[in-house]
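For reference, the structure discussed in these notes is given below.
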Amino acid sequence: MTGTTKGTNGTRTARVSRGRTLRAAALLGCAALALTACGSTKDDAAGAAGGGGGDGKGKVGVILPLLTSPFWQSYNDYVPKMATSEGVDALKTVNSNSDPSQQITDINNQLNQGVKGLVVAPLDSAAIAAGLDQAERKGVPVVAVDVAPEKGKVAMVVRANNVAYGEKACAYLGGQVTSGKVVQIMGDLASVNGRERSKAFRDCVAKKYPKLKVLEIPAKWESDTAASKLDTLLNANPDIKGIYLQAGGVYLAPTLQTLKSKGMLKKAGEKGHIAIVSNDGIPQEFDAIRKGQIDATVSQPADAYAKYGMYYIKAAMQGKTFEPGPTDHDSEIVKLPSGILEDQLPAPLVTKDNVDDPKLWGNTVK
């Protein structure tokens, strides 16, 4: 589900190979360096769908996973703005309503409308392969946003490091709670995001904070499920000292309401306060930090997701490809075990010390 605006303030991603002149200039500029280091993020002028380069023009379909989360509502609002700034002719977004099967239908519908590119936020890391295969058969490049597919062809995954999300949450809670029980309210384990955040948090606690005991709530990105299971868990474990919300957009409100109903919602600094670290970077989380209701959140870059989703799909439609290495917008392109490339955008921890930073995207939306 689930960065900073550093990504959005960056000019472009990796250097683009546009001909021999630029290649020669790049080599001259790297005279004393190894060639692989010099060109680590340049594009290769290869066809995105197996053919030659194109002009980057044509309709682009944008498919959302859901719109019940403030995070995805914000991403949805950014899409047309970023499409305009990147020169992409994006169709009106399509909402798959948290249904992986519907998402495949949505992809096929967009392909039947003749789109030349797709920007998709996958709901299920495995199931999305069926849609990606359909797009590849039609020669339509795809950029995946937020979730990396387990298999299938995509031009780029635009995402932040979800392992780091879990590790940052662990480190923060470990610094606030010395011993006792902590809870992680997990996302959908059919998504690589849910799996990576869960494992990273669990492993970090076991390694660095062995006096903490992790209790887990599988909530599948569903607010009702989170509320119900948290209520049951608190009845049996009223001595909970910390909570990690893997998606503030869907878990923040039900968590605060559940704690309030039990008389357990204490402000930071008060006796009995339960330390809470969230994940998304939405305005509601920032307000909760200011009020002392929660302590921190990891800011997931909704604005940069939209910006670089548009940038990479245009590049793919032009036949450009990329290589692993640092970018010019404070991120790094990495090669996943599947062979897919992923641009890992910055995602900082936000606490009371930096919650009012005007560069955070959560402070720029109403």
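Please note that chains go A, B, ... in the order of the structure tokens, that every chain numbers its residues from 1, and that ligands are numbered from 1 in the order shown.
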Legend entry - Contact residues around Lys241 in chain A with only C-alpha atoms at 6 Å, ignoring same-chain residues under 6 positions, as a list in words: Lys181, Val182 and Ile274 of chain A
Output for the residues just chosen: N, CA, C and O atoms as a PDB file, in the first residue's frame:
ATOM      1  N   LYS A 181       4.565  -6.804  24.907  1.00  0.00           N
ATOM      2  CA  LYS A 181       3.887  -7.216  23.684  1.00  0.00           C
ATOM      3  C   LYS A 181       3.662  -6.045  22.722  1.00  0.00           C
ATOM      4  O   LYS A 181       3.252  -4.966  23.131  1.00  0.00           O
ATOM      5  N   VAL A 182       3.959  -6.308  21.463  1.00  0.00           N
ATOM      6  CA  VAL A 182       3.648  -5.346  20.404  1.00  0.00           C
ATOM      7  C   VAL A 182       2.873  -6.074  19.310  1.00  0.00           C
ATOM      8  O   VAL A 182       3.015  -7.291  19.144  1.00  0.00           O
ATOM      9  N   ILE A 274       0.070   3.784  24.341  1.00  0.00           N
ATOM     10  CA  ILE A 274       0.526   2.702  23.473  1.00  0.00           C
ATOM     11  C   ILE A 274       1.261   3.326  22.293  1.00  0.00           C
ATOM     12  O   ILE A 274       0.683   4.132  21.542  1.00  0.00           O
TER      13      ILE A 274
END
Can you list, as a compact mmCIF listing (two decimals) with N, CA, C and O atoms, in the first residue's frame, every protein, DNA or RNA residue that comes within 12 Å of Ser278 in chain A when you count only C-alpha atoms, leaving out same-chain residues fewer than 6 positions away?
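This is the output file part-v5.txt:
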# COMPACT_ATOMS: atom_id res chain seq x y z
N MET A 1 0.79 -1.20 0.00
CA MET A 1 0.00 0.00 0.00
C MET A 1 0.82 1.25 0.00
O MET A 1 2.00 1.18 0.31
N THR A 2 0.14 0.61 0.57
CA THR A 2 0.65 1.16 0.74
C THR A 2 1.79 2.25 0.71
O THR A 2 1.69 1.10 1.54
N TYR A 165 10.32 -0.45 5.25
CA TYR A 165 9.15 -0.02 6.02
C TYR A 165 9.06 -0.79 7.34
O TYR A 165 8.91 -0.21 8.42
N GLY A 166 9.12 -2.11 7.22
CA GLY A 166 9.01 -2.94 8.41
C GLY A 166 10.16 -2.73 9.37
O GLY A 166 9.99 -2.72 10.59
N LYS A 168 12.00 0.04 9.70
CA LYS A 168 11.89 1.36 10.34
C LYS A 168 10.85 1.33 11.46
O LYS A 168 11.05 1.94 12.52
N ALA A 169 9.75 0.65 11.22
CA ALA A 169 8.71 0.52 12.25
C ALA A 169 9.26 -0.23 13.45
O ALA A 169 9.03 0.16 14.61
N CYS A 170 9.99 -1.29 13.20
CA CYS A 170 10.60 -2.08 14.27
C CYS A 170 11.58 -1.24 15.07
O CYS A 170 11.55 -1.24 16.32
N TYR A 172 11.75 1.96 15.42
CA TYR A 172 11.10 3.01 16.19
C TYR A 172 10.43 2.44 17.44
O TYR A 172 10.63 2.94 18.55
N LEU A 173 9.63 1.38 17.26
CA LEU A 173 8.96 0.80 18.41
C LEU A 173 9.96 0.23 19.41
O LEU A 173 9.77 0.34 20.63
N VAL A 183 2.08 -5.34 18.60
CA VAL A 183 1.20 -5.92 17.57
C VAL A 183 1.57 -5.35 16.21
O VAL A 183 1.84 -4.15 16.08
N GLN A 184 1.57 -6.19 15.19
CA GLN A 184 1.59 -5.64 13.83
C GLN A 184 0.29 -6.04 13.14
O GLN A 184 -0.07 -7.21 13.08
N ILE A 185 -0.42 -5.02 12.65
CA ILE A 185 -1.63 -5.24 11.87
C ILE A 185 -1.20 -5.31 10.42
O ILE A 185 -0.82 -4.31 9.81
N MET A 186 -1.23 -6.51 9.89
CA MET A 186 -0.60 -6.79 8.60
C MET A 186 -1.52 -6.51 7.42
O MET A 186 -2.74 -6.47 7.53
N ARG A 197 6.67 -6.34 4.51
CA ARG A 197 6.57 -5.55 5.73
C ARG A 197 6.46 -6.45 6.95
O ARG A 197 7.09 -6.20 7.98
N GLY A 242 2.71 -1.59 22.12
CA GLY A 242 3.04 -0.97 20.85
C GLY A 242 2.27 -1.59 19.70
O GLY A 242 1.90 -2.77 19.76
N ILE A 243 2.02 -0.81 18.66
CA ILE A 243 1.29 -1.29 17.48
C ILE A 243 1.97 -0.75 16.22
O ILE A 243 2.32 0.43 16.15
N TYR A 244 2.13 -1.62 15.23
CA TYR A 244 2.60 -1.23 13.91
C TYR A 244 1.46 -1.40 12.92
O TYR A 244 0.95 -2.51 12.72
N LEU A 245 1.02 -0.30 12.31
CA LEU A 245 -0.04 -0.33 11.30
C LEU A 245 0.61 -0.34 9.93
O LEU A 245 1.26 0.63 9.54
N GLN A 246 0.44 -1.41 9.18
CA GLN A 246 1.11 -1.51 7.89
C GLN A 246 0.48 -0.63 6.81
O GLN A 246 1.09 -0.43 5.76
N ALA A 247 -0.69 -0.08 7.09
CA ALA A 247 -1.32 0.83 6.13
C ALA A 247 -2.23 1.79 6.90
O ALA A 247 -3.35 1.44 7.24
N GLY A 248 -1.72 2.98 7.16
CA GLY A 248 -2.51 3.95 7.90
C GLY A 248 -3.79 4.34 7.20
O GLY A 248 -4.78 4.67 7.86
N GLY A 249 -3.77 4.30 5.88
CA GLY A 249 -4.95 4.70 5.14
C GLY A 249 -6.17 3.87 5.47
O GLY A 249 -7.30 4.38 5.44
N VAL A 250 -5.99 2.60 5.80
CA VAL A 250 -7.13 1.74 6.14
C VAL A 250 -7.17 1.34 7.62
O VAL A 250 -8.22 0.98 8.14
N TYR A 251 -6.02 1.42 8.31
CA TYR A 251 -5.97 0.93 9.70
C TYR A 251 -5.97 2.03 10.75
O TYR A 251 -6.25 1.75 11.92
N LEU A 252 -5.64 3.26 10.39
CA LEU A 252 -5.52 4.31 11.41
C LEU A 252 -6.84 4.57 12.13
O LEU A 252 -6.91 4.49 13.37
N ALA A 253 -7.88 4.89 11.38
CA ALA A 253 -9.16 5.23 12.01
C ALA A 253 -9.73 4.10 12.87
O ALA A 253 -10.12 4.33 14.01
N THR A 255 -8.18 1.66 14.31
CA THR A 255 -7.31 1.42 15.46
C THR A 255 -7.55 2.45 16.56
O THR A 255 -7.73 2.12 17.73
N LEU A 256 -7.59 3.73 16.17
CA LEU A 256 -7.82 4.78 17.15
C LEU A 256 -9.21 4.64 17.79
O LEU A 256 -9.36 4.84 19.00
N GLN A 284 -4.02 12.52 7.64
CA GLN A 284 -4.67 12.06 8.87
C GLN A 284 -3.64 11.50 9.86
O GLN A 284 -3.79 11.67 11.07
N GLU A 285 -2.60 10.84 9.35
CA GLU A 285 -1.55 10.35 10.23
C GLU A 285 -0.77 11.51 10.83
O GLU A 285 -0.40 11.49 12.02
N PHE A 286 -0.48 12.51 10.01
CA PHE A 286 0.26 13.67 10.51
C PHE A 286 -0.53 14.38 11.62
O PHE A 286 0.05 14.81 12.62
N ALA A 288 -2.67 12.97 13.59
CA ALA A 288 -2.64 12.09 14.76
C ALA A 288 -1.30 12.20 15.49
O ALA A 288 -1.24 12.11 16.72
N ILE A 289 -0.21 12.41 14.75
CA ILE A 289 1.10 12.61 15.38
C ILE A 289 1.09 13.92 16.16
O ILE A 289 1.56 13.98 17.31
N GLN A 293 -1.64 11.07 19.34
CA GLN A 293 -2.37 9.81 19.29
C GLN A 293 -1.49 8.68 18.76
O GLN A 293 -1.61 7.53 19.20
N ILE A 294 -0.67 8.98 17.78
CA ILE A 294 0.32 8.02 17.30
C ILE A 294 1.68 8.71 17.35
O ILE A 294 1.77 9.93 17.52
N ASP A 295 2.73 7.94 17.17
CA ASP A 295 4.07 8.47 17.37
C ASP A 295 4.83 8.72 16.07
O ASP A 295 5.68 9.62 16.01
N ALA A 296 4.55 7.92 15.05
CA ALA A 296 5.35 8.03 13.82
C ALA A 296 4.63 7.36 12.67
O ALA A 296 3.69 6.58 12.86
N THR A 297 5.07 7.68 11.46
CA THR A 297 4.61 6.96 10.27
C THR A 297 5.73 6.97 9.24
O THR A 297 6.61 7.84 9.26
N VAL A 298 5.73 5.98 8.38
CA VAL A 298 6.64 5.96 7.24
C VAL A 298 5.90 6.55 6.06
O VAL A 298 4.82 6.09 5.70
N SER A 299 6.44 7.61 5.48
CA SER A 299 5.75 8.33 4.41
C SER A 299 5.98 7.66 3.07
O SER A 299 7.07 7.71 2.49
N GLN A 300 4.95 7.03 2.56
CA GLN A 300 4.98 6.37 1.26
C GLN A 300 4.64 7.40 0.18
O GLN A 300 3.64 8.11 0.31
N PRO A 348 10.72 8.38 4.08
CA PRO A 348 11.30 8.69 5.39
C PRO A 348 10.35 8.41 6.54
O PRO A 348 9.12 8.37 6.37
N LEU A 349 10.92 8.24 7.71
CA LEU A 349 10.14 8.13 8.93
C LEU A 349 9.75 9.54 9.36
O LEU A 349 10.57 10.45 9.38
N VAL A 350 8.47 9.71 9.70
CA VAL A 350 7.95 11.01 10.14
C VAL A 350 7.55 10.91 11.61
O VAL A 350 6.79 10.02 11.99
N THR A 351 8.08 11.81 12.42
CA THR A 351 7.75 11.87 13.85
C THR A 351 7.34 13.30 14.19
O THR A 351 7.27 14.16 13.29
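Of the listed residues (A:Arg137, A:Lys92, A:Lys59, A:Lys151), A:Lys151 comes nearest to Pro122 in chain A; the distances count only C-alpha atoms.
When only C-alpha atoms are used to measure the gap to Arg159 in chain A, the shortest distance among A:Gln110, A:Thr178, A:Asn76, A:Asn193 belongs to A:Asn193.
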Legend entry - Spatial neighbours of Val334 in chain A, max dist 9 Å, only C-alpha atoms, sep filter under 2 positions, as a VMD selection string: chain A and resid 323 to 326 332 336 340 to 344
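Computed from the coordinates, the CA of Ala127 in chain A to CA of Leu189 in chain A distance equals 12.7 Å.
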Inset, instruction - Within 9 Å of Ile128 in chain A, counting only C-alpha atoms, which residues show up once you throw out same-chain ones fewer than 2 positions away? Write them as a PyMOL selection string, please. - result: chain A and resi 100-101+103-104+122-126+130-133+149-152
Grab the residues selected above and save them as an mmCIF file, in the first residue's frame with N, CA, C and O atoms.
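In the end it all went to part.cif:
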data_model
loop_
_atom_site.group_PDB
_atom_site.id
_atom_site.type_symbol
_atom_site.label_atom_id
_atom_site.label_comp_id
_atom_site.auth_asym_id
_atom_site.auth_seq_id
_atom_site.Cartn_x
_atom_site.Cartn_y
_atom_site.Cartn_z
ATOM 1 N N PRO A 100 -8.879 -8.700 -7.144
ATOM 2 C CA PRO A 100 -7.854 -9.066 -8.125
ATOM 3 C C PRO A 100 -8.437 -9.552 -9.452
ATOM 4 O O PRO A 100 -7.867 -9.280 -10.516
ATOM 5 N N SER A 101 -9.553 -10.271 -9.395
ATOM 6 C CA SER A 101 -10.178 -10.747 -10.641
ATOM 7 C C SER A 101 -10.705 -9.573 -11.452
ATOM 8 O O SER A 101 -10.569 -9.539 -12.685
ATOM 9 N N GLN A 103 -9.499 -6.665 -11.418
ATOM 10 C CA GLN A 103 -8.351 -5.943 -11.955
ATOM 11 C C GLN A 103 -7.898 -6.528 -13.287
ATOM 12 O O GLN A 103 -7.527 -5.787 -14.204
ATOM 13 N N ILE A 104 -7.941 -7.842 -13.416
ATOM 14 C CA ILE A 104 -7.589 -8.465 -14.699
ATOM 15 C C ILE A 104 -8.605 -8.069 -15.766
ATOM 16 O O ILE A 104 -8.237 -7.766 -16.916
ATOM 17 N N PRO A 122 -0.895 -3.296 -8.775
ATOM 18 C CA PRO A 122 -1.425 -4.655 -8.607
ATOM 19 C C PRO A 122 -1.979 -4.912 -7.209
ATOM 20 O O PRO A 122 -1.403 -4.491 -6.212
ATOM 21 N N LEU A 123 -3.088 -5.634 -7.157
ATOM 22 C CA LEU A 123 -3.664 -6.061 -5.887
ATOM 23 C C LEU A 123 -3.023 -7.351 -5.393
ATOM 24 O O LEU A 123 -2.784 -7.526 -4.203
ATOM 25 N N ASP A 124 -2.760 -8.256 -6.310
ATOM 26 C CA ASP A 124 -2.223 -9.569 -5.984
ATOM 27 C C ASP A 124 -0.956 -9.779 -6.814
ATOM 28 O O ASP A 124 -1.001 -9.742 -8.042
ATOM 29 N N SER A 125 0.169 -9.993 -6.135
ATOM 30 C CA SER A 125 1.462 -10.081 -6.826
ATOM 31 C C SER A 125 1.539 -11.240 -7.811
ATOM 32 O O SER A 125 2.274 -11.168 -8.804
ATOM 33 N N ALA A 126 0.790 -12.312 -7.545
ATOM 34 C CA ALA A 126 0.803 -13.470 -8.436
ATOM 35 C C ALA A 126 -0.286 -13.373 -9.500
ATOM 36 O O ALA A 126 -0.046 -13.593 -10.691
ATOM 37 N N ALA A 130 -1.677 -12.680 -15.145
ATOM 38 C CA ALA A 130 -2.618 -12.914 -16.251
ATOM 39 C C ALA A 130 -2.846 -11.636 -17.050
ATOM 40 O O ALA A 130 -2.901 -11.665 -18.285
ATOM 41 N N GLY A 131 -2.974 -10.512 -16.372
ATOM 42 C CA GLY A 131 -3.151 -9.239 -17.058
ATOM 43 C C GLY A 131 -1.894 -8.796 -17.772
ATOM 44 O O GLY A 131 -1.945 -8.249 -18.882
ATOM 45 N N LEU A 132 -0.750 -9.028 -17.146
ATOM 46 C CA LEU A 132 0.514 -8.649 -17.773
ATOM 47 C C LEU A 132 0.754 -9.460 -19.041
ATOM 48 O O LEU A 132 1.270 -8.937 -20.038
ATOM 49 N N ASP A 133 0.372 -10.730 -19.014
ATOM 50 C CA ASP A 133 0.532 -11.567 -20.209
ATOM 51 C C ASP A 133 -0.338 -11.059 -21.349
ATOM 52 O O ASP A 133 0.085 -11.056 -22.507
ATOM 53 N N PRO A 149 5.064 -7.358 -9.288
ATOM 54 C CA PRO A 149 4.508 -8.668 -9.642
ATOM 55 C C PRO A 149 5.542 -9.769 -9.440
ATOM 56 O O PRO A 149 6.747 -9.527 -9.529
ATOM 57 N N GLU A 150 5.070 -10.968 -9.147
ATOM 58 C CA GLU A 150 5.985 -12.098 -8.983
ATOM 59 C C GLU A 150 6.542 -12.561 -10.320
ATOM 60 O O GLU A 150 7.664 -13.051 -10.403
ATOM 61 N N LYS A 151 5.739 -12.435 -11.366
ATOM 62 C CA LYS A 151 6.198 -12.783 -12.708
ATOM 63 C C LYS A 151 5.386 -11.983 -13.709
ATOM 64 O O LYS A 151 4.383 -11.352 -13.376
ATOM 65 N N GLY A 152 5.823 -12.041 -14.958
ATOM 66 C CA GLY A 152 5.190 -11.233 -15.987
ATOM 67 C C GLY A 152 6.109 -10.097 -16.366
ATOM 68 O O GLY A 152 7.060 -9.758 -15.645
#
Legend entry - Shell of 8 Å around Ala135 in chain A, only C-alpha atoms, local chain residues under 5 positions omitted, as a PyMOL selection string: chain A and resi 107-108+111+140-142
Print the selection's residues with all heavy atoms to a file, as an mmCIF file, in the first residue's frame.
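Writing the result to part_4.cif gives the following:
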data_model
loop_
_atom_site.group_PDB
_atom_site.id
_atom_site.type_symbol
_atom_site.label_atom_id
_atom_site.label_comp_id
_atom_site.auth_asym_id
_atom_site.auth_seq_id
_atom_site.Cartn_x
_atom_site.Cartn_y
_atom_site.Cartn_z
ATOM 1 N N ILE A 107 -7.850 -4.560 -16.859
ATOM 2 C CA ILE A 107 -6.720 -4.506 -17.781
ATOM 3 C C ILE A 107 -7.158 -4.879 -19.188
ATOM 4 O O ILE A 107 -6.833 -4.201 -20.173
ATOM 5 C CB ILE A 107 -5.590 -5.445 -17.301
ATOM 6 C CG1 ILE A 107 -4.937 -4.874 -16.042
ATOM 7 C CG2 ILE A 107 -4.552 -5.654 -18.409
ATOM 8 C CD1 ILE A 107 -3.930 -5.805 -15.401
ATOM 9 N N ASN A 108 -7.924 -5.958 -19.309
ATOM 10 C CA ASN A 108 -8.395 -6.389 -20.627
ATOM 11 C C ASN A 108 -9.301 -5.343 -21.268
ATOM 12 O O ASN A 108 -9.234 -5.102 -22.487
ATOM 13 C CB ASN A 108 -9.135 -7.725 -20.505
ATOM 14 C CG ASN A 108 -8.180 -8.878 -20.285
ATOM 15 O OD1 ASN A 108 -7.060 -8.877 -20.773
ATOM 16 N ND2 ASN A 108 -8.612 -9.884 -19.529
ATOM 17 N N LEU A 111 -7.094 -2.646 -22.634
ATOM 18 C CA LEU A 111 -6.419 -3.110 -23.845
ATOM 19 C C LEU A 111 -7.372 -3.114 -25.033
ATOM 20 O O LEU A 111 -6.991 -2.758 -26.153
ATOM 21 C CB LEU A 111 -5.850 -4.515 -23.622
ATOM 22 C CG LEU A 111 -4.698 -4.617 -22.614
ATOM 23 C CD1 LEU A 111 -4.367 -6.078 -22.331
ATOM 24 C CD2 LEU A 111 -3.457 -3.897 -23.137
ATOM 25 N N VAL A 140 1.770 -4.024 -25.495
ATOM 26 C CA VAL A 140 1.517 -2.816 -24.692
ATOM 27 C C VAL A 140 2.386 -2.852 -23.442
ATOM 28 O O VAL A 140 2.257 -3.762 -22.618
ATOM 29 C CB VAL A 140 0.023 -2.718 -24.301
ATOM 30 C CG1 VAL A 140 -0.213 -1.546 -23.354
ATOM 31 C CG2 VAL A 140 -0.843 -2.584 -25.553
ATOM 32 N N PRO A 141 3.284 -1.883 -23.272
ATOM 33 C CA PRO A 141 4.135 -1.874 -22.073
ATOM 34 C C PRO A 141 3.341 -1.542 -20.822
ATOM 35 O O PRO A 141 2.335 -0.829 -20.874
ATOM 36 C CB PRO A 141 5.166 -0.789 -22.384
ATOM 37 C CG PRO A 141 4.479 0.126 -23.342
ATOM 38 C CD PRO A 141 3.586 -0.753 -24.182
ATOM 39 N N VAL A 142 3.814 -2.053 -19.686
ATOM 40 C CA VAL A 142 3.151 -1.839 -18.404
ATOM 41 C C VAL A 142 4.161 -1.351 -17.378
ATOM 42 O O VAL A 142 5.288 -1.859 -17.316
ATOM 43 C CB VAL A 142 2.500 -3.145 -17.890
ATOM 44 C CG1 VAL A 142 1.801 -2.902 -16.545
ATOM 45 C CG2 VAL A 142 1.512 -3.699 -18.909
#
Inset, instruction - Extract the full set of helix (DSSP H, G or I) residues from range 20-255 of chain A according to DSSP on the backbone, and format it as a VMD selection string. - result: chain A and resid 20 to 29 35 to 38 70 to 86 100 to 112 129 to 137 162 to 176 192 to 208 223 to 236 248 to 255
Legend entry - In range 131-307 of chain A, DSSP strand (DSSP E) residues written as a count of residues only: 39
Legend entry - Residue contacts of Val143 in chain A (8 Å, only C-alpha atoms) excluding same-chain residues fewer than 5 positions away, as a ChimeraX atom specification: /A:118-120,154-158,309,312-313
Generate a file of the selected residues that holds N, CA and C atoms, formatted as a compact mmCIF listing (two decimals), in the first residue's frame.
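Result file follows (part-v4.txt):
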# COMPACT_ATOMS: atom_id res chain seq x y z
N LEU A 118 0.04 1.01 -20.03
CA LEU A 118 -0.75 0.80 -18.82
C LEU A 118 0.09 1.09 -17.58
N VAL A 119 -0.51 1.78 -16.63
CA VAL A 119 0.10 1.98 -15.31
C VAL A 119 -0.85 1.31 -14.31
N VAL A 120 -0.36 0.26 -13.66
CA VAL A 120 -1.22 -0.59 -12.83
C VAL A 120 -0.64 -0.71 -11.42
N VAL A 154 7.05 -6.26 -17.02
CA VAL A 154 6.76 -4.84 -16.80
C VAL A 154 8.01 -4.05 -17.16
N ALA A 155 7.82 -2.83 -17.62
CA ALA A 155 8.94 -1.98 -17.99
C ALA A 155 9.68 -1.48 -16.75
N MET A 156 8.93 -1.26 -15.66
CA MET A 156 9.52 -0.80 -14.41
C MET A 156 8.49 -0.96 -13.30
N VAL A 157 8.98 -1.21 -12.10
CA VAL A 157 8.16 -1.15 -10.90
C VAL A 157 8.52 0.16 -10.18
N VAL A 158 7.52 0.98 -9.91
CA VAL A 158 7.73 2.22 -9.18
C VAL A 158 7.24 1.98 -7.76
N GLY A 309 5.42 6.89 -12.31
CA GLY A 309 4.60 5.97 -13.09
C GLY A 309 4.38 6.53 -14.49
N TYR A 312 7.91 6.69 -16.49
CA TYR A 312 8.41 5.42 -17.01
C TYR A 312 7.51 4.84 -18.10
N ILE A 313 6.20 5.07 -18.02
CA ILE A 313 5.36 4.53 -19.10
C ILE A 313 5.62 5.27 -20.40
Legend entry - Nearest to Asp239 in chain A, chosen from A:Gly180, A:Leu259, A:Met82, A:Arg290, with only C-alpha atoms counted in the distances: A:Gly180
